[in-house]
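Everything below belongs to start_27.cif, which stores mmCIF, C-alpha atoms.
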data_work
#
loop_
_atom_site.group_PDB
_atom_site.id
_atom_site.type_symbol
_atom_site.label_atom_id
_atom_site.label_comp_id
_atom_site.auth_asym_id
_atom_site.auth_seq_id
_atom_site.Cartn_x
_atom_site.Cartn_y
_atom_site.Cartn_z
ATOM 1 C CA MET A 1 5.548 2.029 -0.864
ATOM 2 C CA THR A 2 7.201 -1.149 -2.072
ATOM 3 C CA GLY A 3 10.281 -2.465 -0.332
ATOM 4 C CA TYR A 4 12.086 -5.580 0.799
ATOM 5 C CA GLY A 5 14.283 -6.327 3.779
ATOM 6 C CA THR A 6 15.910 -9.363 5.292
ATOM 7 C CA ALA A 7 17.874 -10.092 8.469
ATOM 8 C CA ARG A 8 19.622 -13.156 9.837
ATOM 9 C CA SER A 9 20.793 -13.862 13.379
ATOM 10 C CA HIS A 10 22.085 -16.936 15.115
ATOM 11 C CA THR A 11 23.238 -18.283 18.433
ATOM 12 C CA SER A 12 24.794 -21.607 19.325
ATOM 13 C CA GLN A 13 21.304 -23.073 19.618
ATOM 14 C CA LEU A 14 19.190 -21.149 17.098
ATOM 15 C CA GLN A 15 19.249 -19.791 13.532
ATOM 16 C CA LEU A 16 16.711 -17.081 12.737
ATOM 17 C CA GLU A 17 15.892 -15.540 9.336
ATOM 18 C CA ILE A 18 13.277 -12.817 8.828
ATOM 19 C CA SER A 19 12.211 -11.249 5.543
ATOM 20 C CA ILE A 20 9.700 -8.469 4.906
ATOM 21 C CA ARG A 21 8.054 -7.752 1.566
ATOM 22 C CA CYS A 22 5.915 -4.617 1.258
ATOM 23 C CA VAL A 23 3.744 -3.682 -1.735
ATOM 24 C CA ASN A 24 1.354 -0.801 -2.348
ATOM 25 C CA GLY A 25 -1.977 -0.587 -0.543
ATOM 26 C CA ARG A 26 -4.399 2.043 0.711
ATOM 27 C CA PHE A 27 -4.272 0.731 4.280
ATOM 28 C CA LEU A 28 -1.843 -1.252 6.413
ATOM 29 C CA GLU A 29 -2.461 -4.971 5.938
ATOM 30 C CA PRO A 30 0.199 -7.098 7.667
ATOM 31 C CA ARG A 31 0.317 -10.816 6.880
ATOM 32 C CA PHE A 32 2.492 -12.856 9.218
ATOM 33 C CA HIS A 33 3.896 -16.249 8.218
ATOM 34 C CA LEU A 34 5.238 -17.563 11.521
ATOM 35 C CA PRO A 35 6.409 -20.877 12.969
ATOM 36 C CA LYS A 36 3.886 -22.222 15.437
ATOM 37 C CA GLU A 37 6.274 -21.423 18.291
ATOM 38 C CA TYR A 38 5.954 -17.688 17.482
ATOM 39 C CA LEU A 39 2.212 -17.355 16.955
ATOM 40 C CA SER A 40 1.748 -15.726 20.364
ATOM 41 C CA LEU A 41 4.265 -13.014 19.397
ATOM 42 C CA GLU A 42 2.232 -11.694 16.465
ATOM 43 C CA PRO A 43 0.572 -8.767 18.369
ATOM 44 C CA ASP A 44 3.963 -7.502 19.599
ATOM 45 C CA LEU A 45 5.480 -7.864 16.131
ATOM 46 C CA LYS A 46 2.539 -5.966 14.613
ATOM 47 C CA LYS A 47 3.063 -3.021 17.001
ATOM 48 C CA ARG A 48 6.699 -2.792 15.988
ATOM 49 C CA LEU A 49 5.736 -2.974 12.321
ATOM 50 C CA GLN A 50 3.306 -0.054 12.722
ATOM 51 C CA ASN A 51 6.149 2.151 13.984
ATOM 52 C CA HIS A 52 7.836 1.814 10.592
ATOM 53 C CA ILE A 53 5.092 1.252 7.995
ATOM 54 C CA LYS A 54 1.784 3.143 7.866
ATOM 55 C CA ARG A 55 0.108 1.586 4.852
ATOM 56 C CA GLY A 56 0.634 -1.176 2.321
ATOM 57 C CA THR A 57 0.308 -4.942 2.157
ATOM 58 C CA VAL A 58 3.188 -6.388 4.160
ATOM 59 C CA ASP A 59 4.227 -10.041 4.218
ATOM 60 C CA ILE A 60 6.492 -11.094 7.091
ATOM 61 C CA PHE A 61 8.246 -14.461 6.817
ATOM 62 C CA ILE A 62 10.110 -15.926 9.801
ATOM 63 C CA SER A 63 12.202 -19.079 9.609
ATOM 64 C CA ARG A 64 13.404 -20.764 12.808
ATOM 65 C CA LYS A 65 15.988 -23.534 12.895
ATOM 66 C CA VAL A 66 17.066 -25.147 16.150
ATOM 67 C CA SER A 67 20.531 -26.731 16.441
ATOM 68 C CA ALA A 68 20.830 -30.509 16.507
ATOM 69 C CA GLN A 69 22.098 -30.348 20.097
ATOM 70 C CA SER A 70 19.051 -28.403 21.231
ATOM 71 C CA MET A 71 16.746 -30.750 19.386
ATOM 72 C CA ALA A 72 18.377 -33.749 21.036
ATOM 73 C CA MET A 73 17.987 -32.167 24.471
ATOM 74 C CA SER A 74 14.319 -31.490 23.798
ATOM 75 C CA ILE A 75 13.396 -35.112 23.029
ATOM 76 C CA LYS A 76 11.346 -36.606 25.873
ATOM 77 C CA LEU A 77 9.907 -40.047 26.548
ATOM 78 C CA ASN A 78 6.369 -40.261 27.851
ATOM 79 C CA LYS A 79 7.056 -43.363 29.938
ATOM 80 C CA PRO A 80 3.560 -43.816 31.453
ATOM 81 C CA LEU A 81 1.998 -43.638 27.992
ATOM 82 C CA ALA A 82 4.514 -46.122 26.556
ATOM 83 C CA GLN A 83 3.806 -48.544 29.420
ATOM 84 C CA ARG A 84 0.101 -48.230 28.792
ATOM 85 C CA TYR A 85 0.601 -48.980 25.087
ATOM 86 C CA VAL A 86 2.671 -52.101 25.941
ATOM 87 C CA LYS A 87 0.081 -53.343 28.402
ATOM 88 C CA ILE A 88 -2.723 -52.972 25.871
ATOM 89 C CA LEU A 89 -0.590 -54.671 23.207
ATOM 90 C CA LYS A 90 -0.037 -57.628 25.541
ATOM 91 C CA GLU A 91 -3.767 -57.881 26.236
ATOM 92 C CA ILE A 92 -4.447 -57.915 22.509
ATOM 93 C CA ALA A 93 -1.810 -60.630 21.993
ATOM 94 C CA ASP A 94 -3.298 -62.778 24.805
ATOM 95 C CA GLN A 95 -6.854 -62.435 23.539
ATOM 96 C CA MET A 96 -5.928 -63.119 19.918
ATOM 97 C CA LYS A 97 -3.521 -65.906 21.010
ATOM 98 C CA VAL A 98 -0.630 -64.546 18.920
ATOM 99 C CA PRO A 99 3.055 -64.205 19.881
ATOM 100 C CA GLN A 100 4.182 -61.016 21.589
ATOM 101 C CA ASN A 101 7.042 -60.308 19.181
ATOM 102 C CA PHE A 102 6.807 -56.495 18.905
ATOM 103 C CA ARG A 103 9.984 -54.387 18.994
ATOM 104 C CA PRO A 104 10.643 -51.153 21.036
ATOM 105 C CA GLU A 105 10.647 -48.962 17.887
ATOM 106 C CA THR A 106 7.090 -50.094 17.270
ATOM 107 C CA VAL A 107 5.981 -48.426 20.493
ATOM 108 C CA ALA A 108 8.175 -45.386 19.742
ATOM 109 C CA HIS A 109 6.159 -44.669 16.567
ATOM 110 C CA TRP A 110 2.879 -44.480 18.422
ATOM 111 C CA PRO A 111 1.420 -40.977 19.002
ATOM 112 C CA ASP A 112 2.930 -38.869 21.806
ATOM 113 C CA VAL A 113 5.275 -41.548 23.132
ATOM 114 C CA ILE A 114 8.303 -39.503 22.067
ATOM 115 C CA THR A 115 7.863 -35.726 22.052
ATOM 116 C CA ARG A 116 9.955 -32.549 21.798
ATOM 117 C CA ASP A 117 9.782 -30.189 24.748
ATOM 118 C CA LEU A 118 11.424 -26.812 23.999
ATOM 119 C CA GLY A 119 10.704 -25.466 27.456
ATOM 120 C CA SER A 120 10.055 -21.799 28.124
ATOM 121 C CA GLU A 121 12.963 -20.250 26.143
ATOM 122 C CA ILE A 122 10.506 -18.710 23.654
ATOM 123 C CA GLU A 123 9.083 -16.586 26.433
ATOM 124 C CA THR A 124 12.426 -15.360 27.765
ATOM 125 C CA GLN A 125 15.723 -15.126 25.866
ATOM 126 C CA GLU A 126 14.433 -16.071 22.438
ATOM 127 C CA LYS A 127 11.594 -13.537 22.587
ATOM 128 C CA ASN A 128 14.039 -10.632 22.884
ATOM 129 C CA PHE A 129 16.271 -12.234 20.278
ATOM 130 C CA ILE A 130 13.508 -12.311 17.665
ATOM 131 C CA PHE A 131 12.464 -8.704 18.405
ATOM 132 C CA ARG A 132 16.034 -7.480 17.826
ATOM 133 C CA THR A 133 16.249 -9.369 14.556
ATOM 134 C CA PHE A 134 12.841 -8.067 13.487
ATOM 135 C CA GLU A 135 13.921 -4.460 14.099
ATOM 136 C CA LYS A 136 17.048 -5.075 12.035
ATOM 137 C CA CYS A 137 14.885 -6.405 9.201
ATOM 138 C CA LEU A 138 12.519 -3.409 9.403
ATOM 139 C CA LYS A 139 15.441 -0.994 9.117
ATOM 140 C CA ALA A 140 16.697 -2.840 6.038
ATOM 141 C CA CYS A 141 13.234 -2.574 4.494
ATOM 142 C CA ASP A 142 13.049 1.141 5.417
ATOM 143 C CA SER A 143 16.350 1.754 3.654
ATOM 144 C CA GLU A 144 15.063 0.149 0.464
ATOM 145 C CA ARG A 145 11.791 2.068 0.632
ATOM 146 C CA HIS A 146 13.654 5.339 1.204
ATOM 147 C CA ARG A 147 15.793 4.718 -1.878
ATOM 148 C CA GLU A 148 12.709 4.063 -3.973
ATOM 149 C CA GLY A 149 10.973 7.104 -2.457
ATOM 150 C CA LEU A 150 13.732 9.444 -3.664
ATOM 151 C CA PHE A 151 13.351 8.113 -7.195
ATOM 152 C CA LEU A 152 9.563 8.379 -6.994
ATOM 153 C CA LYS A 153 9.717 11.988 -5.754
ATOM 154 C CA LYS A 154 11.780 13.011 -8.789
ATOM 155 C CA ASP A 155 9.275 11.341 -11.087
ATOM 156 C CA LEU A 156 6.340 13.015 -9.334
ATOM 157 C CA ASP A 157 8.033 16.418 -9.544
ATOM 158 C CA ARG A 158 8.425 15.991 -13.303
ATOM 159 C CA THR A 159 4.800 14.934 -13.680
ATOM 160 C CA LEU A 160 3.582 17.888 -11.600
ATOM 161 C CA LYS A 161 5.539 20.274 -13.810
ATOM 162 C CA LEU A 162 3.787 18.809 -16.851
ATOM 163 C CA LEU A 163 0.424 19.338 -15.168
ATOM 164 C CA ASP A 164 1.325 22.900 -14.164
ATOM 165 C CA SER A 165 2.326 23.604 -17.760
ATOM 166 C CA THR A 166 -1.015 22.223 -18.984
ATOM 167 C CA VAL A 167 -2.937 24.413 -16.520
ATOM 168 C CA SER A 168 -0.973 27.445 -17.733
ATOM 169 C CA GLN A 169 -1.894 26.501 -21.288
ATOM 170 C CA VAL A 170 -5.578 26.426 -20.353
ATOM 171 C CA GLN A 171 -5.158 29.829 -18.719
ATOM 172 C CA LYS A 172 -3.696 31.277 -21.933
ATOM 173 C CA LEU A 173 -6.370 29.679 -24.097
ATOM 174 C CA ARG A 174 -9.143 31.068 -21.887
ATOM 175 C CA SER A 175 -8.538 34.666 -22.986
ATOM 176 C CA SER A 176 -8.710 33.902 -26.684
ATOM 177 C CA ALA A 177 -11.592 31.486 -26.032
ATOM 178 C CA ASP A 178 -13.718 34.302 -24.564
ATOM 179 C CA SER A 179 -13.410 36.272 -27.767
ATOM 180 C CA GLU A 180 -14.205 33.199 -29.857
ATOM 181 C CA LEU A 181 -17.199 32.308 -27.697
ATOM 182 C CA GLN A 182 -18.525 35.855 -27.841
ATOM 183 C CA GLN A 183 -18.524 35.757 -31.633
ATOM 184 C CA LYS A 184 -20.231 32.341 -31.639
ATOM 185 C CA PHE A 185 -22.956 33.459 -29.205
ATOM 186 C CA GLU A 186 -23.644 36.660 -31.140
ATOM 187 C CA LEU A 187 -23.858 34.808 -34.451
ATOM 188 C CA ARG A 188 -26.142 32.196 -32.936
ATOM 189 C CA MET A 189 -28.519 34.786 -31.475
ATOM 190 C CA ARG A 190 -28.582 36.879 -34.637
ATOM 191 C CA SER A 191 -29.323 33.742 -36.609
ATOM 192 C CA ARG A 192 -32.233 32.817 -34.342
ATOM 193 C CA LEU A 193 -33.603 36.382 -34.302
ATOM 194 C CA LYS A 194 -33.103 36.929 -38.011
ATOM 195 C CA GLY A 195 -35.420 39.625 -39.363
ATOM 196 C CA MET A 196 -36.109 40.971 -35.883
ATOM 197 C CA GLU A 197 -34.738 44.084 -34.290
ATOM 198 C CA ILE A 198 -32.032 43.237 -31.746
ATOM 199 C CA ASP A 199 -31.428 45.333 -28.687
ATOM 200 C CA PRO A 200 -27.629 45.694 -28.435
ATOM 201 C CA GLN A 201 -27.782 45.988 -24.644
ATOM 202 C CA ARG A 202 -29.894 42.842 -24.314
ATOM 203 C CA LEU A 203 -27.553 41.033 -26.691
ATOM 204 C CA SER A 204 -24.547 42.039 -24.594
ATOM 205 C CA GLN A 205 -26.275 40.808 -21.434
ATOM 206 C CA GLU A 206 -27.062 37.418 -22.956
ATOM 207 C CA VAL A 207 -23.526 37.029 -24.258
ATOM 208 C CA LEU A 208 -22.145 37.949 -20.821
ATOM 209 C CA ILE A 209 -24.340 35.314 -19.166
ATOM 210 C CA GLN A 210 -23.064 32.648 -21.547
ATOM 211 C CA LEU A 211 -19.459 33.708 -21.021
ATOM 212 C CA GLU A 212 -19.888 33.493 -17.254
ATOM 213 C CA LYS A 213 -21.235 29.943 -17.592
ATOM 214 C CA ALA A 214 -18.196 28.983 -19.638
ATOM 215 C CA ASP A 215 -15.693 30.800 -17.415
ATOM 216 C CA VAL A 216 -13.100 28.467 -15.854
ATOM 217 C CA ASN A 217 -10.975 30.982 -13.984
ATOM 218 C CA GLU A 218 -11.996 29.680 -10.523
ATOM 219 C CA GLU A 219 -11.125 26.130 -11.505
ATOM 220 C CA ILE A 220 -7.748 27.217 -12.844
ATOM 221 C CA VAL A 221 -6.955 29.062 -9.605
ATOM 222 C CA ARG A 222 -7.913 26.003 -7.518
ATOM 223 C CA LEU A 223 -5.845 23.710 -9.743
ATOM 224 C CA ALA A 224 -2.778 25.908 -9.250
ATOM 225 C CA GLU A 225 -3.344 25.916 -5.487
ATOM 226 C CA HIS A 226 -3.737 22.127 -5.355
ATOM 227 C CA ILE A 227 -0.516 21.671 -7.330
ATOM 228 C CA LYS A 228 1.339 23.840 -4.798
ATOM 229 C CA ASN A 229 -0.092 21.793 -1.919
ATOM 230 C CA VAL A 230 0.977 18.533 -3.557
ATOM 231 C CA GLN A 231 4.500 19.896 -4.044
ATOM 232 C CA LYS A 232 4.599 20.903 -0.374
ATOM 233 C CA LEU A 233 3.479 17.439 0.757
ATOM 234 C CA LEU A 234 6.113 15.780 -1.402
ATOM 235 C CA SER A 235 8.773 17.763 0.456
ATOM 236 C CA SER A 236 7.464 16.618 3.844
ATOM 237 C CA SER A 237 9.258 13.920 5.844
ATOM 238 C CA ASP A 238 5.955 12.638 7.262
ATOM 239 C CA ALA A 239 3.693 9.951 5.815
ATOM 240 C CA GLU A 240 1.397 12.010 3.569
ATOM 241 C CA GLY A 241 0.005 9.384 1.198
ATOM 242 C CA LYS A 242 -3.629 9.792 2.251
ATOM 243 C CA LYS A 243 -3.490 13.584 1.920
ATOM 244 C CA LEU A 244 -1.968 13.212 -1.524
ATOM 245 C CA ASP A 245 -4.823 10.872 -2.473
ATOM 246 C CA PHE A 246 -7.264 13.622 -1.515
ATOM 247 C CA TYR A 247 -5.524 16.315 -3.559
ATOM 248 C CA ILE A 248 -5.298 14.078 -6.615
ATOM 249 C CA GLN A 249 -9.077 13.607 -6.391
ATOM 250 C CA GLU A 250 -9.515 17.383 -6.194
ATOM 251 C CA LEU A 251 -7.251 17.930 -9.202
ATOM 252 C CA HIS A 252 -9.316 15.448 -11.184
ATOM 253 C CA ARG A 253 -12.569 17.104 -10.103
ATOM 254 C CA GLU A 254 -11.448 20.595 -11.149
ATOM 255 C CA MET A 255 -10.143 19.363 -14.494
ATOM 256 C CA ASN A 256 -13.420 17.561 -15.121
ATOM 257 C CA THR A 257 -15.342 20.766 -14.404
ATOM 258 C CA ILE A 258 -13.230 22.679 -16.919
ATOM 259 C CA GLY A 259 -13.920 19.955 -19.465
ATOM 260 C CA SER A 260 -17.673 20.139 -18.899
ATOM 261 C CA LYS A 261 -17.639 23.943 -19.305
ATOM 262 C CA SER A 262 -15.377 23.997 -22.317
ATOM 263 C CA GLN A 263 -16.943 24.895 -25.651
ATOM 264 C CA VAL A 264 -13.628 25.387 -27.429
ATOM 265 C CA SER A 265 -11.754 22.450 -28.943
ATOM 266 C CA SER A 266 -8.309 23.737 -27.917
ATOM 267 C CA ILE A 267 -9.299 23.841 -24.232
ATOM 268 C CA THR A 268 -10.946 20.420 -24.515
ATOM 269 C CA GLN A 269 -7.715 18.965 -25.902
ATOM 270 C CA ALA A 270 -5.734 20.535 -23.054
ATOM 271 C CA VAL A 271 -8.200 19.064 -20.539
ATOM 272 C CA VAL A 272 -7.755 15.581 -22.013
ATOM 273 C CA GLU A 273 -3.991 15.971 -21.655
ATOM 274 C CA GLY A 274 -4.411 17.231 -18.093
ATOM 275 C CA LYS A 275 -6.615 14.296 -17.095
ATOM 276 C CA THR A 276 -4.059 11.886 -18.532
ATOM 277 C CA ILE A 277 -1.322 13.488 -16.421
ATOM 278 C CA ILE A 278 -3.521 13.426 -13.294
ATOM 279 C CA GLU A 279 -4.219 9.726 -13.828
ATOM 280 C CA ARG A 280 -0.467 9.156 -13.982
ATOM 281 C CA LEU A 281 -0.144 11.065 -10.702
ATOM 282 C CA ARG A 282 -2.875 8.926 -9.149
ATOM 283 C CA GLU A 283 -0.982 5.752 -9.987
ATOM 284 C CA GLN A 284 2.279 7.158 -8.634
ATOM 285 C CA VAL A 285 0.726 8.409 -5.388
ATOM 286 C CA GLN A 286 -0.463 4.880 -4.600
ATOM 287 C CA ASN A 287 3.214 4.093 -4.001
ATOM 288 C CA ILE A 288 3.562 6.738 -1.282
ATOM 289 C CA GLU A 289 3.073 5.956 2.371
#
Now that the file is in, can you turn its structure into structure tokens?
Amino acid sequence: MTGYGTARSHTSQLQLEISIRCVNGRFLEPRFHLPKEYLSLEPDLKKRLQNHIKRGTVDIFISRKVSAQSMAMSIKLNKPLAQRYVKILKEIADQMKVPQNFRPETVAHWPDVITRDLGSEIETQEKNFIFRTFEKCLKACDSERHREGLFLKKDLDRTLKLLDSTVSQVQKLRSSADSELQQKFELRMRSRLKGMEIDPQRLSQEVLIQLEKADVNEEIVRLAEHIKNVQKLLSSSDAEGKKLDFYIQELHREMNTIGSKSQVSSITQAVVEGKTIIERLREQVQNIE
């Protein structure tokens, strides 16, 4: 189910912003976009995510800003390395017989002379700080997804009622279709056996066989049962998206079977309408966790 959540937290030394964007998907696919300082926290963040979201493609963005004071405190001079650079520079100057007129900032720009050391705060206080902020963001995303879910449930209920009405229409048409089919079969057989004596009992048997082949009562019963099961799942508070996927497939299968058996245009038209409604249900169910 789609949803979006964001959370911001700050201390005197750190500003943290987390946003979560979730879109539809058959399985859970988390994609973390983390600062390098937080890469080791990804497994723990994923476990917390799984407690809230069961399926969907989820992008997690985390922004980390350290205060100027903290950044200043983290700046370190690698004195042995700087001394080594200066010594080598002097050797180069002596060998090339050029003046040694370099400035201190020249050495400061060389790799690893000046570094930032943030210490072990990520593993202690900041670790718990980010987890609290992440939970706050997940709850915000849950709230948005719940709001959308209520709207989606209403839409699914309306669509299911349309499908139930279509199934009832097929049920009504079936009775009149049997009479129509019986007349067609009898006329076809009499036409083929024209000029020959027809055994009424044998004719009735053949017509009965054809009617049984065209009978869709079992499919109609199963369709009605599947619709009830879908309605029950929609009322559940659990994550039932995968079960709903299964029932939508079954609805489509039963409607296809009715279409393949149908030899009456009115039933065929109802089947086309039913398949259109089921396809709409399939698209909607993809939004359900």
Which value, in Å to one decimal, gives the distance between atom CA of Leu251 of chain A and atom CA of Leu163 of chain A?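 Separating atom CA of Leu251 of chain A from atom CA of Leu163 of chain A is a distance of 9.8 Å.
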A:Val113, A:Leu14, A:Cys137, A:Val285: which is nearest Lys153 of chain A, counting all atoms listed in the file?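 Counting all atoms listed in the file, the residue closest to Lys153 of chain A is A:Val285.
The closest residue to Ile60 of chain A, picked from A:Ser19, A:Tyr85, A:Ala140, A:Asn78 and counting only C-alpha atoms, is A:Ser19.
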Can you work out which one of A:Phe27, A:Phe32, A:Phe246, A:Phe131 has the shortest atom-to-atom distance to Asp44 of chain A, counting only C-alpha atoms?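 Closest to Asp44 of chain A, using only C-alpha atoms: A:Phe131.
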For this file, the PyMOL selection byres ((chain A and resi 272) around 12) selects which residues, as a PDB file with C-alpha atoms, in the frame of the given file?
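Here's the written file part.pdb:
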ATOM      1  CA  LEU A 163       0.424  19.338 -15.168  1.00  0.00           C
ATOM      2  CA  THR A 166      -1.015  22.223 -18.984  1.00  0.00           C
ATOM      3  CA  VAL A 167      -2.937  24.413 -16.520  1.00  0.00           C
ATOM      4  CA  VAL A 170      -5.578  26.426 -20.353  1.00  0.00           C
ATOM      5  CA  HIS A 252      -9.316  15.448 -11.184  1.00  0.00           C
ATOM      6  CA  MET A 255     -10.143  19.363 -14.494  1.00  0.00           C
ATOM      7  CA  ASN A 256     -13.420  17.561 -15.121  1.00  0.00           C
ATOM      8  CA  THR A 257     -15.342  20.766 -14.404  1.00  0.00           C
ATOM      9  CA  ILE A 258     -13.230  22.679 -16.919  1.00  0.00           C
ATOM     10  CA  GLY A 259     -13.920  19.955 -19.465  1.00  0.00           C
ATOM     11  CA  SER A 260     -17.673  20.139 -18.899  1.00  0.00           C
ATOM     12  CA  SER A 262     -15.377  23.997 -22.317  1.00  0.00           C
ATOM     13  CA  SER A 265     -11.754  22.450 -28.943  1.00  0.00           C
ATOM     14  CA  SER A 266      -8.309  23.737 -27.917  1.00  0.00           C
ATOM     15  CA  ILE A 267      -9.299  23.841 -24.232  1.00  0.00           C
ATOM     16  CA  THR A 268     -10.946  20.420 -24.515  1.00  0.00           C
ATOM     17  CA  GLN A 269      -7.715  18.965 -25.902  1.00  0.00           C
ATOM     18  CA  ALA A 270      -5.734  20.535 -23.054  1.00  0.00           C
ATOM     19  CA  VAL A 271      -8.200  19.064 -20.539  1.00  0.00           C
ATOM     20  CA  GLU A 273      -3.991  15.971 -21.655  1.00  0.00           C
ATOM     21  CA  GLY A 274      -4.411  17.231 -18.093  1.00  0.00           C
ATOM     22  CA  LYS A 275      -6.615  14.296 -17.095  1.00  0.00           C
ATOM     23  CA  THR A 276      -4.059  11.886 -18.532  1.00  0.00           C
ATOM     24  CA  ILE A 277      -1.322  13.488 -16.421  1.00  0.00           C
ATOM     25  CA  ILE A 278      -3.521  13.426 -13.294  1.00  0.00           C
ATOM     26  CA  GLU A 279      -4.219   9.726 -13.828  1.00  0.00           C
TER      27      GLU A 279
END
Point out the residue among A:Gln50, A:Gly56, A:Glu105, A:Glu219 with the least atom-to-atom distance to Lys242 of chain A, counting only C-alpha atoms. A:Gly56
So how far away is atom CA of Val66 of chain A from atom CA of Ile114 of chain A, in Å? 17.8 Å
Identify which of the residues A:Asp164, A:Glu283, A:Asp142, A:Glu17 lies closest to Ala224 of chain A, counting all atoms listed in the file when measuring atom-to-atom distances.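 With all atoms listed in the file as the atom set, the closest residue is A:Asp164.
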Interatomic distance (Å, one decimal) between atom CA of Asn287 of chain A and atom CA of Ile18 of chain A: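 Going from atom CA of Asn287 of chain A over to atom CA of Ile18 of chain A, I get 23.5 Å.
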Could you list the residues chosen by the PyMOL selection byres ((chain A and resi 217) around 12) in this structure as a short mmCIF file (atom, residue, chain, number, x, y, z; two decimals) with C-alpha atoms, in the coordinates of the input?
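File written: out_2.cif
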data_model
loop_
_atom_site.label_atom_id
_atom_site.label_comp_id
_atom_site.auth_asym_id
_atom_site.auth_seq_id
_atom_site.Cartn_x
_atom_site.Cartn_y
_atom_site.Cartn_z
CA VAL A 167 -2.94 24.41 -16.52
CA SER A 168 -0.97 27.44 -17.73
CA VAL A 170 -5.58 26.43 -20.35
CA GLN A 171 -5.16 29.83 -18.72
CA LYS A 172 -3.70 31.28 -21.93
CA LEU A 173 -6.37 29.68 -24.10
CA ARG A 174 -9.14 31.07 -21.89
CA SER A 175 -8.54 34.67 -22.99
CA ASP A 178 -13.72 34.30 -24.56
CA LEU A 211 -19.46 33.71 -21.02
CA GLU A 212 -19.89 33.49 -17.25
CA LYS A 213 -21.24 29.94 -17.59
CA ALA A 214 -18.20 28.98 -19.64
CA ASP A 215 -15.69 30.80 -17.42
CA VAL A 216 -13.10 28.47 -15.85
CA GLU A 218 -12.00 29.68 -10.52
CA GLU A 219 -11.12 26.13 -11.50
CA ILE A 220 -7.75 27.22 -12.84
CA VAL A 221 -6.96 29.06 -9.60
CA ARG A 222 -7.91 26.00 -7.52
CA LEU A 223 -5.84 23.71 -9.74
CA ALA A 224 -2.78 25.91 -9.25
CA GLU A 254 -11.45 20.60 -11.15
CA MET A 255 -10.14 19.36 -14.49
CA THR A 257 -15.34 20.77 -14.40
CA ILE A 258 -13.23 22.68 -16.92
CA LYS A 261 -17.64 23.94 -19.30
CA SER A 262 -15.38 24.00 -22.32
#
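Of the listed residues (A:Glu148, A:Glu250, A:Glu135, A:Glu240), A:Glu135 comes nearest to Ala7 of chain A; the distances count all atoms listed in the file.
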Any chance you could work out the residue set of the PyMOL selection byres ((chain A and resi 156) around 10) here, as a ChimeraX atom specification? /A:150-155,157-162,230-231,234,280-281,284-285
